[in-house]
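**Student:** So here's coords_15.txt (compact mmCIF, C-alpha atoms).
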```
# COMPACT_ATOMS: atom_id res chain seq x y z
CA MET A 1 83.00 -4.47 77.69
CA GLY A 2 80.14 -6.41 79.22
CA PHE A 3 78.17 -6.12 75.98
CA VAL A 4 81.08 -7.49 73.97
CA ALA A 5 81.46 -10.41 76.37
CA ALA A 6 77.73 -11.14 76.24
CA PHE A 7 77.71 -11.01 72.46
CA GLY A 8 80.73 -13.30 72.32
CA LEU A 9 79.04 -15.81 74.62
CA ALA A 10 75.83 -15.71 72.54
CA GLU A 11 77.87 -16.23 69.37
CA ALA A 12 79.66 -19.23 70.87
CA LEU A 13 76.39 -20.80 72.05
CA THR A 14 74.76 -20.25 68.64
CA ARG A 15 77.65 -21.96 66.86
CA LEU A 16 77.52 -24.82 69.37
CA VAL A 17 73.76 -25.37 69.24
CA ALA A 18 73.01 -24.57 65.59
CA PRO A 19 76.21 -24.27 63.57
CA HIS A 20 76.10 -23.61 59.85
CA PRO A 21 78.77 -22.79 57.28
CA ARG A 22 79.49 -19.22 56.24
CA TYR A 23 77.94 -17.91 53.04
CA PRO A 24 80.38 -18.96 50.32
CA VAL A 25 81.67 -17.04 47.33
CA PHE A 26 82.85 -19.64 44.84
CA SER A 27 82.64 -17.68 41.60
CA VAL A 28 85.78 -16.73 39.68
CA PRO A 29 86.31 -14.23 36.86
CA ASP A 30 86.25 -15.57 33.31
CA GLU A 31 86.98 -13.46 30.25
CA ARG A 32 84.61 -15.45 28.04
CA VAL A 33 81.43 -14.89 30.07
CA GLY A 34 82.34 -12.63 33.00
CA CYS A 35 82.34 -15.30 35.69
CA ILE A 36 81.84 -19.01 36.29
CA SER A 37 81.83 -21.12 39.41
CA GLU A 38 85.28 -22.22 40.52
CA PRO A 39 86.06 -25.41 38.58
CA ARG A 40 86.31 -28.53 40.74
CA HIS A 41 85.06 -26.62 43.80
CA ARG A 42 83.81 -28.89 46.60
CA GLY A 43 82.08 -27.51 49.66
CA ARG A 44 78.82 -26.52 51.25
CA ALA A 45 76.57 -23.51 50.75
CA THR A 46 74.30 -21.52 53.03
CA ASN A 47 73.00 -17.97 53.22
CA MET A 48 73.50 -15.39 55.95
CA PHE A 49 70.59 -16.84 57.94
CA GLY A 50 71.58 -20.49 57.66
CA GLU A 51 68.23 -21.31 56.01
CA PHE A 52 69.82 -24.12 54.01
CA ASP A 53 72.98 -26.21 54.10
CA THR A 54 73.65 -27.95 50.80
CA ALA A 55 76.53 -29.78 49.18
CA ILE A 56 78.13 -27.96 46.25
CA GLN A 57 80.10 -29.80 43.60
CA ILE A 58 81.34 -27.90 40.55
CA ASN A 59 82.48 -29.76 37.45
CA GLN A 60 85.64 -29.21 35.40
CA GLU A 61 83.95 -26.52 33.27
CA GLY A 62 82.76 -24.39 36.20
CA PHE A 63 79.09 -25.41 36.56
CA ARG A 64 77.09 -27.24 39.20
CA ASP A 65 76.87 -30.60 37.50
CA ARG A 66 78.82 -33.75 36.76
CA ASP A 67 81.39 -33.94 33.97
CA TYR A 68 80.25 -35.00 30.50
CA PRO A 69 82.16 -36.36 27.52
CA LEU A 70 82.16 -34.08 24.50
CA VAL A 71 80.98 -36.97 22.36
CA LYS A 72 77.40 -37.81 23.26
CA PRO A 73 76.83 -41.49 24.23
CA PRO A 74 74.84 -43.59 21.74
CA ASN A 75 71.03 -43.45 21.93
CA THR A 76 71.14 -40.36 24.14
CA LEU A 77 69.11 -37.16 23.94
CA ARG A 78 71.11 -34.30 25.42
CA ILE A 79 69.35 -31.21 26.81
CA ALA A 80 71.35 -28.16 27.96
CA PHE A 81 69.81 -25.73 30.48
CA LEU A 82 71.04 -22.13 30.58
CA GLY A 83 70.04 -19.83 33.43
CA ASP A 84 70.96 -17.94 36.58
CA SER A 85 70.72 -18.77 40.30
CA PHE A 86 67.31 -20.39 39.82
CA THR A 87 68.96 -22.93 37.53
CA CYS A 88 72.11 -23.38 39.61
CA ALA A 89 69.83 -23.65 42.68
CA GLU A 90 72.46 -23.84 45.40
CA GLN A 91 69.66 -23.63 47.98
CA VAL A 92 68.74 -27.29 47.39
CA GLU A 93 70.73 -30.48 46.94
CA GLU A 94 71.82 -31.17 43.38
CA LYS A 95 69.34 -34.01 42.89
CA ALA A 96 66.52 -31.61 43.80
CA THR A 97 67.36 -28.92 41.22
CA PHE A 98 64.74 -28.61 38.50
CA VAL A 99 67.35 -29.65 35.93
CA ARG A 100 68.08 -32.95 37.65
CA ARG A 101 64.43 -33.58 38.49
CA THR A 102 63.58 -33.02 34.81
CA GLU A 103 66.21 -35.57 33.84
CA THR A 104 64.91 -38.10 36.37
CA LEU A 105 61.26 -37.71 35.35
CA LEU A 106 62.01 -37.89 31.62
CA ASN A 107 64.10 -41.02 32.02
CA GLU A 108 61.43 -42.66 34.16
CA LYS A 109 58.88 -41.88 31.47
CA LEU A 110 61.24 -43.17 28.80
CA ARG A 111 61.81 -46.47 30.60
CA SER A 112 58.11 -47.00 31.15
CA LYS A 113 57.45 -46.64 27.43
CA GLY A 114 60.63 -48.32 26.19
CA GLY A 115 61.28 -45.42 23.86
CA ASN A 116 64.15 -44.31 21.70
CA PRO A 117 66.56 -42.72 22.70
CA SER A 118 67.39 -45.00 25.61
CA GLN A 119 68.43 -42.18 27.95
CA ILE A 120 68.21 -38.42 28.41
CA GLU A 121 70.98 -36.19 29.76
CA CYS A 122 70.09 -32.82 31.26
CA MET A 123 73.11 -30.54 31.60
CA ASN A 124 73.11 -27.64 34.06
CA PHE A 125 74.88 -24.48 32.87
CA GLY A 126 73.24 -22.15 35.40
CA VAL A 127 75.34 -19.59 37.29
CA GLY A 128 74.04 -17.13 39.85
CA GLY A 129 73.75 -13.59 38.49
CA TYR A 130 73.76 -14.51 34.80
CA ASP A 131 71.76 -12.36 32.40
CA THR A 132 70.63 -13.40 28.94
CA TYR A 133 73.67 -11.85 27.25
CA GLN A 134 75.93 -13.92 29.54
CA GLU A 135 73.87 -17.00 28.77
CA ALA A 136 74.38 -16.36 25.05
CA LEU A 137 78.12 -16.10 25.67
CA CYS A 138 77.98 -19.23 27.80
CA TYR A 139 76.36 -21.11 24.95
CA GLU A 140 79.13 -20.09 22.58
CA ALA A 141 81.98 -20.77 25.02
CA PHE A 142 80.78 -23.90 26.81
CA VAL A 143 77.52 -25.42 25.59
CA ARG A 144 77.86 -25.64 21.81
CA LYS A 145 80.80 -28.07 21.89
CA TYR A 146 78.63 -30.68 23.66
CA HIS A 147 76.23 -30.69 20.69
CA PRO A 148 72.98 -30.65 22.70
CA ASP A 149 69.81 -31.75 20.91
CA LEU A 150 67.80 -29.12 22.78
CA VAL A 151 68.72 -25.93 24.65
CA VAL A 152 66.40 -24.56 27.34
CA LEU A 153 66.80 -20.94 28.46
CA ALA A 154 65.41 -20.34 31.94
CA MET A 155 64.67 -16.62 32.29
CA TYR A 156 63.78 -14.58 35.35
CA VAL A 157 61.98 -11.65 33.79
CA HIS A 158 62.95 -9.06 36.40
CA ASN A 159 66.72 -8.91 36.79
CA ASP A 160 67.61 -10.80 33.59
CA LEU A 161 66.21 -7.99 31.46
CA ILE A 162 67.60 -5.25 33.67
CA GLY A 163 71.01 -6.91 33.64
CA ASN A 164 71.10 -6.78 29.87
CA SER A 165 71.51 -3.01 30.19
CA PHE A 166 74.76 -3.37 32.16
CA TYR A 167 76.60 -1.77 29.25
CA LEU A 168 75.52 1.57 30.75
CA VAL A 169 77.87 1.01 33.69
CA GLU A 170 79.96 -1.90 32.43
CA ASN A 171 83.28 -0.09 32.64
CA GLY A 172 83.00 -0.61 36.40
CA PHE A 173 82.68 -4.38 36.06
CA GLY A 174 84.96 -5.44 33.25
CA ARG A 175 82.70 -8.20 31.95
CA PRO A 176 82.21 -8.76 28.22
CA TYR A 177 78.98 -7.29 26.92
CA PHE A 178 77.15 -6.25 23.75
CA HIS A 179 76.20 -2.84 22.44
CA LEU A 180 74.26 -1.74 19.39
CA VAL A 181 76.29 -0.54 16.41
CA ASN A 182 74.49 0.35 13.17
CA GLY A 183 71.51 -1.79 14.09
CA ALA A 184 73.56 -4.88 15.01
CA LEU A 185 74.91 -6.20 18.30
CA GLU A 186 78.65 -5.91 18.68
CA LYS A 187 80.59 -7.69 21.41
CA VAL A 188 82.90 -5.69 23.65
CA PRO A 189 85.63 -7.96 25.05
CA ALA A 190 86.21 -8.33 28.77
CA ASP A 191 88.64 -6.13 30.65
CA ARG A 192 90.64 -8.76 32.51
CA ALA A 193 92.20 -6.33 34.97
CA ARG A 194 88.81 -4.89 35.97
CA LEU A 195 87.32 -8.37 36.21
CA GLU A 196 89.96 -9.52 38.67
CA GLU A 197 89.77 -6.26 40.62
CA ASN A 198 85.99 -6.62 40.94
CA TYR A 199 86.33 -10.23 42.10
CA ARG A 200 88.93 -9.30 44.72
CA GLU A 201 86.64 -6.54 46.00
CA ILE A 202 83.75 -8.98 46.42
CA GLN A 203 86.00 -11.36 48.34
CA ARG A 204 87.29 -8.53 50.50
CA ARG A 205 83.80 -7.36 51.42
CA PHE A 206 82.78 -10.83 52.53
CA SER A 207 85.95 -11.25 54.55
CA VAL A 208 85.86 -7.95 56.47
CA ARG A 209 82.18 -7.44 57.23
CA TRP A 210 81.61 -8.94 60.65
CA TYR A 211 77.91 -9.69 60.04
CA HIS A 212 78.84 -12.14 57.28
CA HIS A 213 80.64 -14.17 59.95
CA SER A 214 78.35 -13.80 62.98
CA GLN A 215 75.91 -16.69 63.22
CA PHE A 216 74.22 -15.16 66.29
CA TYR A 217 73.54 -11.88 64.47
CA ASN A 218 72.14 -13.69 61.43
CA ALA A 219 70.02 -15.96 63.63
CA LEU A 220 68.46 -12.85 65.19
CA ARG A 221 67.89 -11.32 61.75
CA GLN A 222 66.16 -14.50 60.61
CA LEU A 223 63.98 -14.58 63.72
CA PHE A 224 62.83 -10.97 63.28
CA TRP A 225 62.29 -11.57 59.55
CA GLU A 226 60.01 -14.54 60.29
CA ILE A 227 58.09 -12.54 62.92
CA ARG A 228 57.59 -9.72 60.41
CA GLN A 229 56.42 -12.16 57.72
CA GLN A 230 53.91 -13.77 60.08
CA SER A 231 52.65 -10.33 61.07
CA ARG A 232 52.15 -9.37 57.43
CA ARG A 233 50.27 -12.60 56.72
CA LYS A 234 47.94 -11.94 59.64
CA GLU A 235 47.30 -8.41 58.35
CA GLU A 236 46.48 -9.78 54.90
CA LEU A 237 44.01 -12.28 56.36
CA ALA A 238 42.37 -9.70 58.64
```
Now that the file is in, can you turn its structure into structure tokens?
**Tutor:**
Amino acid sequence: MGFVAAFGLAEALTRLVAPHPRYPVFSVPDERVGCISEPRHRGRATNMFGEFDTAIQINQEGFRDRDYPLVKPPNTLRIAFLGDSFTCAEQVEEKATFVRRTETLLNEKLRSKGGNPSQIECMNFGVGGYDTYQEALCYEAFVRKYHPDLVVLAMYVHNDLIGNSFYLVENGFGRPYFHLVNGALEKVPADRARLEENYREIQRRFSVRWYHHSQFYNALRQLFWEIRQQSRRKEELA
């Protein structure tokens, strides 16, 4: 009983001294690509350790960006970026994502040279967990209709390639995927019921696991992680 009371007091003090929002889950199932971010979502994001605290604003399509007209403005070069969590980059403010920084730098360069087109739009279609097959589906479902002049695919070699083999276990996820039939890729449609069941399970896990909610526990984990990292760096330098 004393331990529970002590832990409760430590938790209250941690939230008072260094509060941070709970790790959010703002993805929703989507039959076209498997999942997107919740359209029009507004909130803040952090991880279990509270290492960052960033504003999240999702557009009407379900991506971390502003809304765009389907018809491109005159004298505009439109670049679409496809990718995963590195592209979405919820760990930093939107203006600091590499997509927005690219747009800012290109437009500054354009203004300094007085070039044509007069402006450049960089559109962010990154969603955490996407693999290249989902990015291909995303292009078909969302990107193509904006008629981008250039499409950039940001790939993380490790899990992007592994994720493309999800068809081996896909019946447990319900997402659309591709498999090889007579030397050609054939799309297998999403299983809506499994998609929604999988999403509900993710939400349930985050809601019932106490360590997703305890800021004191996660602060201790972060402290020990930093101590371990410093120890490893010292060993490498020794």
**Student:** Kindly assemble as CSV a list of the range 140-193 of chain A residues that lie within 9 Å of range 84-105 of chain A, each paired with its nearest atom pair and their distance in Å to one decimal, using all atoms listed in the file, sorted first by chain and then by ascending residue number.
**Tutor:**
```
residue,atom,partner,partner_atom,distance
A:Ala154,CA,A:Thr87,CA,7.1
A:Met155,CA,A:Asp84,CA,7.7
A:Tyr156,CA,A:Asp84,CA,8.0
A:Asp160,CA,A:Asp84,CA,8.4
```
**Student:** If you count only C-alpha atoms, which residues fall within 9 Å of Val151 in chain A, apart from same-chain ones fewer than 5 positions away, as number ranges by chain?
**Tutor:** A: 78-82, 143
**Student:** What is the distance between CA of Gly62 in chain A and CA of Phe26 in chain A, in Å to one decimal?
**Tutor:**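 Separation between CA of Gly62 in chain A and CA of Phe26 in chain A: 9.9 Å.
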**Student:** Calculate how many Å separate CA of Gly183 in chain A from CA of Asp30 in chain A, rounding to one decimal.
**Tutor:** 27.9 Å
**Student:** Rounded to one decimal in Å, what is the spacing between CA of Gln134 in chain A and CA of Gly83 in chain A?
**Tutor:**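 Spanning CA of Gln134 in chain A to CA of Gly83 in chain A is a straight-line distance of 9.2 Å.
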**Student:** Which is closer to Phe142 in chain A than all the others in A:Phe173, A:Tyr217, A:Phe63, A:Tyr199, using only C-alpha atoms?
**Tutor:**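 Among A:Phe173, A:Tyr217, A:Phe63, A:Tyr199, it is A:Phe63 that comes nearest to Phe142 in chain A.
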**Student:** I'd like to know which of A:Leu161, A:Ala219, A:Leu150, A:Leu9 is closest to Asn47 in chain A, using all atoms listed in the file.
**Tutor:**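 Selected residue with least distance to Asn47 in chain A: A:Ala219.
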**Student:** Nearest to Asn198 in chain A among A:Ala12, A:Met1, A:Thr46, A:Gly34, with distances taken over only C-alpha atoms: which residue is it?
**Tutor:**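 Closest to Asn198 in chain A, using only C-alpha atoms: A:Gly34.
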**Student:** How big is the axis-aligned box around all listed atoms of range 24-35 of chain A once 3 Å goes on each side, and where's its centre, in Å to one decimal, as AutoDock Vina command-line options?
**Tutor:**
```
--center_x 83.7 --center_y -16.1 --center_z 39.2 --size_x 12.6 --size_y 13.0 --size_z 28.3
```
**Student:** For a quick check of understanding, using all atoms listed in the file, which of A:Arg175, A:Asn107, A:Ile202, A:Asp65 has the smallest distance to Ala190 in chain A?
**Tutor:** A:Arg175
**Student:** Of the candidates A:Arg66, A:Arg32, A:Lys109, A:Arg194, which shows the shortest atom-to-atom distance to Glu140 in chain A, using all atoms listed in the file?
**Tutor:**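 Checking each candidate against Glu140 in chain A, we get A:Arg32 as the closest.
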**Student:** Need to verify the contact set: range 72-77 of chain A, 6 Å, all atoms listed in the file, exclusion of same-chain residues closer than 2 positions in sequence. Can you return it as an MDAnalysis selection string?
**Tutor:** chainID A and resid 117:120
**Student:** Export C-alpha atoms of the chosen residues as a PDB file, in the coordinates of the input?
**Tutor:**
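Saved the output as out21.pdb:
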```pdb
ATOM      1  CA  PRO A 117      66.560 -42.720  22.700  1.00  0.00           C
ATOM      2  CA  SER A 118      67.390 -45.000  25.610  1.00  0.00           C
ATOM      3  CA  GLN A 119      68.430 -42.180  27.950  1.00  0.00           C
ATOM      4  CA  ILE A 120      68.210 -38.420  28.410  1.00  0.00           C
TER       5      ILE A 120
END
```
